[in-house]
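Asker: Have a look at this one before I ask anything.
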Amino acid sequence: MNGDITRDHYDRLAATYDQNWAYTPEFVTWMTGAILRRLPVSNGDLAADIGCGTGLYSRGLAEHAAAVVCVEPSAGMLAQVPRDDRLIPVAASAEDLAFGHVALPYEGFDAMLLKEVLHHVDDRAGVICGLARLLKPGGRMLVTMLPTRITYPLFAAALKVFAEHQPDPAGIAAGMRDAGLAAEVTQESFPLAFPAERYLQMVRDRYMSLLSAFGDAELEAGVAEIRRDHPGDRIEFTDTFAFVLGTKP
């Protein structure tokens with residue numbers, strides 16, 4: 001997705017981002033644990049949360065790290081990162097960081113998190129390679145992403161857009177290996193349930209960036225399609241994430 005379009009999308013979402021993406025406190029607790037089990041940080045570690053949004057998961061990293069650099073191109077999102085001496089906001093994209101277009105407060109990092117970021121990036125191999133250079137020896141990079149197939153209750157045209165643009169976790173792991181990192185892919189799932197009207201409003205709010213590809217009339221038709229497929233009071237599905245961990249020798 002074009003950088004300006006992505007930035008505009010998340011600027012529009014900023015006010016409701018945590019409401020739509022936090023889902024439930026239980027989901028945030030689960031996701032934070034899934035991240036920290038794969039990307040352990042400890043006192044003295046310097047971490048970067050690249051594409052941090054409102055800092056939803058930066059906060060969990062900051063409970064253990066000496067500092068977390070919160071990298072986010074959307075000014076609306078970055079403005080909501082909590083004020084905390086351990087959370088250092090940097091207005092930049094993953095590309096800015098990888099290609100040296102932005103000054104950083106530290107020369108290297110022990111841990112990097114990229115959650116739901118790389119599908120917005122065109123030169124994924126270049127970004128992975130550039131970020132790998134910013135890792136200290138023994139440093140870890142964790143890419144948290146959706147797999148190439150999802151069971152989200154979306155309309156057919158939205159699922160088609162997703163399938164056309166979502167990178168393969170195995171390809172991300174290959175990019176890490178090309179950048180000199182040891183890489184592994186794991187998966188973990190969490191069951192989600194929403195009141196139907198809340199979920200449909202999330203779709204109307206374009207809570208997923210792929211929904212920006214649809215105009216208002218197309219989106220309403222999509223919501224009607226979802227409603228036909230899910231006529232009950234609740235919408236339930238399993239959210240599965242792929243975790244691609246790269247470790248620098």
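Residues in the structure tokens are numbered from 1 in each chain, the chains being A, B, ... in the order shown, and ligands are numbered from 1 in the order shown.
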Within 12 Å of Phe99 in chain A, counting only C-alpha atoms, which residues show up once you throw out same-chain ones fewer than 3 positions away? Write them as number ranges by chain, please.
Answerer: A: 92-96, 102-103, 123-134
Asker: Please provide the set of residues having any atom within 6 Å of range 61-73 of chain A, restricted to only C-alpha atoms, with same-chain residues fewer than 4 positions apart removed, written as a list in words.
Answerer: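 These residues fall inside the cut-off: Val41, Ser42, Asn43, Gly44, Asp45, Leu46, Ala47, Ala48, Asp49, Ile50, Gly51, Cys52, Arg86, Leu87, Ile88, Pro89, Val90, Ala91, Ala92 and Ser93 of chain A.
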Asker: Residues of range 28-238 of chain A in helix (DSSP H, G or I) according to DSSP, as a PyMOL selection string?
Answerer: chain A and resi 28-38+58-62+75-78+94-98+118-120+124-132+156-165+169-178+196-204+209-213+216-229
Asker: Go ahead and save the picked residues with C-alpha atoms, as a PDB file, in the first residue's frame.
Answerer:
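What follows is the written file out19.pdb:
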ATOM      1  CA  VAL A  28      -4.285  -7.786  24.362  1.00  0.00           C
ATOM      2  CA  THR A  29      -2.998  -9.897  27.256  1.00  0.00           C
ATOM      3  CA  TRP A  30      -2.797 -12.938  24.984  1.00  0.00           C
ATOM      4  CA  MET A  31      -1.036 -11.094  22.173  1.00  0.00           C
ATOM      5  CA  THR A  32       1.396  -9.409  24.558  1.00  0.00           C
ATOM      6  CA  GLY A  33       2.266 -12.807  26.026  1.00  0.00           C
ATOM      7  CA  ALA A  34       2.629 -14.382  22.567  1.00  0.00           C
ATOM      8  CA  ILE A  35       5.049 -11.610  21.605  1.00  0.00           C
ATOM      9  CA  LEU A  36       7.112 -11.717  24.791  1.00  0.00           C
ATOM     10  CA  ARG A  37       7.427 -15.499  24.722  1.00  0.00           C
ATOM     11  CA  ARG A  38       9.117 -15.191  21.350  1.00  0.00           C
ATOM     12  CA  SER A  58       5.058  -1.017  23.141  1.00  0.00           C
ATOM     13  CA  ARG A  59       3.701  -0.820  26.675  1.00  0.00           C
ATOM     14  CA  GLY A  60       4.231  -4.524  27.265  1.00  0.00           C
ATOM     15  CA  LEU A  61       7.799  -4.313  25.935  1.00  0.00           C
ATOM     16  CA  ALA A  62       8.494  -1.288  28.131  1.00  0.00           C
ATOM     17  CA  ALA A  75       0.969  11.505  13.571  1.00  0.00           C
ATOM     18  CA  GLY A  76      -2.523  10.734  14.867  1.00  0.00           C
ATOM     19  CA  MET A  77      -1.414   7.335  16.136  1.00  0.00           C
ATOM     20  CA  LEU A  78       1.909   8.526  17.536  1.00  0.00           C
ATOM     21  CA  ALA A  94       9.810   1.085   8.526  1.00  0.00           C
ATOM     22  CA  GLU A  95      11.461   2.194   5.280  1.00  0.00           C
ATOM     23  CA  ASP A  96      12.765   5.394   6.897  1.00  0.00           C
ATOM     24  CA  LEU A  97      14.360   3.334   9.623  1.00  0.00           C
ATOM     25  CA  ALA A  98      15.762   0.619   7.371  1.00  0.00           C
ATOM     26  CA  LEU A 118       5.243  -5.634   6.282  1.00  0.00           C
ATOM     27  CA  HIS A 119       2.121  -5.966   4.126  1.00  0.00           C
ATOM     28  CA  HIS A 120       2.342  -2.170   3.776  1.00  0.00           C
ATOM     29  CA  ARG A 124      10.245  -6.095   2.016  1.00  0.00           C
ATOM     30  CA  ALA A 125      13.636  -7.711   1.398  1.00  0.00           C
ATOM     31  CA  GLY A 126      15.369  -4.333   1.537  1.00  0.00           C
ATOM     32  CA  VAL A 127      13.568  -3.297   4.711  1.00  0.00           C
ATOM     33  CA  ILE A 128      14.319  -6.584   6.465  1.00  0.00           C
ATOM     34  CA  CYS A 129      17.987  -6.318   5.472  1.00  0.00           C
ATOM     35  CA  GLY A 130      18.213  -2.695   6.613  1.00  0.00           C
ATOM     36  CA  LEU A 131      16.564  -3.418   9.944  1.00  0.00           C
ATOM     37  CA  ALA A 132      18.784  -6.455  10.484  1.00  0.00           C
ATOM     38  CA  ALA A 156     -15.763 -12.054  -0.610  1.00  0.00           C
ATOM     39  CA  ALA A 157     -14.239  -9.012  -2.341  1.00  0.00           C
ATOM     40  CA  ALA A 158     -12.351  -8.047   0.845  1.00  0.00           C
ATOM     41  CA  LEU A 159     -10.966 -11.545   1.268  1.00  0.00           C
ATOM     42  CA  LYS A 160      -9.809 -11.415  -2.362  1.00  0.00           C
ATOM     43  CA  VAL A 161      -7.928  -8.141  -1.728  1.00  0.00           C
ATOM     44  CA  PHE A 162      -6.346  -9.677   1.362  1.00  0.00           C
ATOM     45  CA  ALA A 163      -5.173 -12.772  -0.523  1.00  0.00           C
ATOM     46  CA  GLU A 164      -3.668 -10.622  -3.276  1.00  0.00           C
ATOM     47  CA  HIS A 165      -1.590  -8.472  -0.936  1.00  0.00           C
ATOM     48  CA  PRO A 169       5.380 -15.749   6.452  1.00  0.00           C
ATOM     49  CA  ALA A 170       7.730 -18.292   4.856  1.00  0.00           C
ATOM     50  CA  GLY A 171       8.856 -15.583   2.440  1.00  0.00           C
ATOM     51  CA  ILE A 172       9.528 -13.211   5.335  1.00  0.00           C
ATOM     52  CA  ALA A 173      11.617 -15.914   7.023  1.00  0.00           C
ATOM     53  CA  ALA A 174      13.554 -16.392   3.774  1.00  0.00           C
ATOM     54  CA  GLY A 175      14.203 -12.651   3.662  1.00  0.00           C
ATOM     55  CA  MET A 176      15.553 -12.793   7.203  1.00  0.00           C
ATOM     56  CA  ARG A 177      17.904 -15.630   6.286  1.00  0.00           C
ATOM     57  CA  ASP A 178      19.104 -13.660   3.261  1.00  0.00           C
ATOM     58  CA  ALA A 196     -22.697  -8.681  15.632  1.00  0.00           C
ATOM     59  CA  GLU A 197     -23.449  -4.964  15.440  1.00  0.00           C
ATOM     60  CA  ARG A 198     -20.135  -4.055  17.019  1.00  0.00           C
ATOM     61  CA  TYR A 199     -18.205  -6.129  14.504  1.00  0.00           C
ATOM     62  CA  LEU A 200     -20.176  -4.740  11.572  1.00  0.00           C
ATOM     63  CA  GLN A 201     -19.434  -1.215  12.794  1.00  0.00           C
ATOM     64  CA  MET A 202     -15.728  -2.116  12.934  1.00  0.00           C
ATOM     65  CA  VAL A 203     -15.971  -3.106   9.278  1.00  0.00           C
ATOM     66  CA  ARG A 204     -17.750   0.173   8.486  1.00  0.00           C
ATOM     67  CA  SER A 209      -6.398  -1.322   6.125  1.00  0.00           C
ATOM     68  CA  LEU A 210      -7.543  -3.521   3.227  1.00  0.00           C
ATOM     69  CA  LEU A 211     -11.060  -2.118   3.712  1.00  0.00           C
ATOM     70  CA  SER A 212      -9.779   1.263   2.515  1.00  0.00           C
ATOM     71  CA  ALA A 213      -9.896  -0.221  -0.981  1.00  0.00           C
ATOM     72  CA  ASP A 216     -18.893   3.624   1.182  1.00  0.00           C
ATOM     73  CA  ALA A 217     -21.484   1.957  -1.053  1.00  0.00           C
ATOM     74  CA  GLU A 218     -19.228  -1.053  -1.668  1.00  0.00           C
ATOM     75  CA  LEU A 219     -18.596  -1.336   2.048  1.00  0.00           C
ATOM     76  CA  GLU A 220     -22.302  -1.248   2.886  1.00  0.00           C
ATOM     77  CA  ALA A 221     -22.911  -3.988   0.341  1.00  0.00           C
ATOM     78  CA  GLY A 222     -20.109  -5.948   1.994  1.00  0.00           C
ATOM     79  CA  VAL A 223     -21.649  -5.444   5.441  1.00  0.00           C
ATOM     80  CA  ALA A 224     -24.962  -6.748   4.083  1.00  0.00           C
ATOM     81  CA  GLU A 225     -23.137  -9.809   2.731  1.00  0.00           C
ATOM     82  CA  ILE A 226     -21.530 -10.457   6.137  1.00  0.00           C
ATOM     83  CA  ARG A 227     -24.930 -10.070   7.814  1.00  0.00           C
ATOM     84  CA  ARG A 228     -26.468 -12.641   5.466  1.00  0.00           C
ATOM     85  CA  ASP A 229     -23.659 -15.087   6.244  1.00  0.00           C
TER      86      ASP A 229
END
Asker: From the DSSP assignment of the backbone, select every residue of range 21-248 of chain A that is strand (DSSP E), and format the answer as JSON, numbers by chain.
Answerer: {"A": [46, 47, 48, 49, 50, 67, 68, 69, 70, 71, 87, 88, 89, 90, 109, 110, 111, 112, 113, 114, 115, 135, 136, 137, 138, 139, 140, 141, 142, 143, 144, 145, 182, 183, 184, 185, 186, 187, 188, 189, 190, 191, 192, 193, 194, 195, 234, 235, 236, 237, 238, 239, 240, 241, 242, 243, 244, 245, 246, 247]}
Asker: To one decimal in Å, tell me the separation between CA of Phe243 in chain A and CA of Arg140 in chain A.
Answerer: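 If I compute the distance from CA of Phe243 in chain A to CA of Arg140 in chain A, I get 12.2 Å.
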Asker: Let me make sure I understand: among A:Tyr207, A:Tyr106, A:Phe241, A:Phe194, which one has the smallest atom-to-atom distance to Asp168 in chain A if we use only C-alpha atoms?
Answerer: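 Using only C-alpha atoms, the shortest distance to Asp168 in chain A belongs to A:Phe241.
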Asker: Which residue gives the smallest distance to Ala179 in chain A among A:Leu135, A:Ala111, A:Leu56, A:Val143, with only C-alpha atoms counted?
Answerer: A:Leu135
Asker: Looking at only C-alpha atoms, which of A:Pro82, A:Pro167, A:Pro137, A:Pro249 is the one that sits closest to Arg149 in chain A?
Answerer: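 The shortest atom-to-atom distance to Arg149 in chain A comes from A:Pro167.
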Asker: So which one's closest to Asp122 in chain A, A:Thr247, A:Gln166, A:Thr238, A:Thr54? Using only C-alpha atoms, please.
Answerer: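 Counting only C-alpha atoms, the residue closest to Asp122 in chain A is A:Gln166.
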Asker: Given the choices A:Pro40, A:Arg206, A:Glu26, A:Leu245, which gets closest to Leu181 in chain A if the distance is worked out from only C-alpha atoms?
Answerer: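 Under the stated criterion, the closest residue is A:Leu245.
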Asker: So what do you get for CA of Thr240 in chain A versus CA of Gln80 in chain A, distance-wise?
Answerer: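 We find that CA of Thr240 in chain A and CA of Gln80 in chain A lie 26.8 Å from each other.
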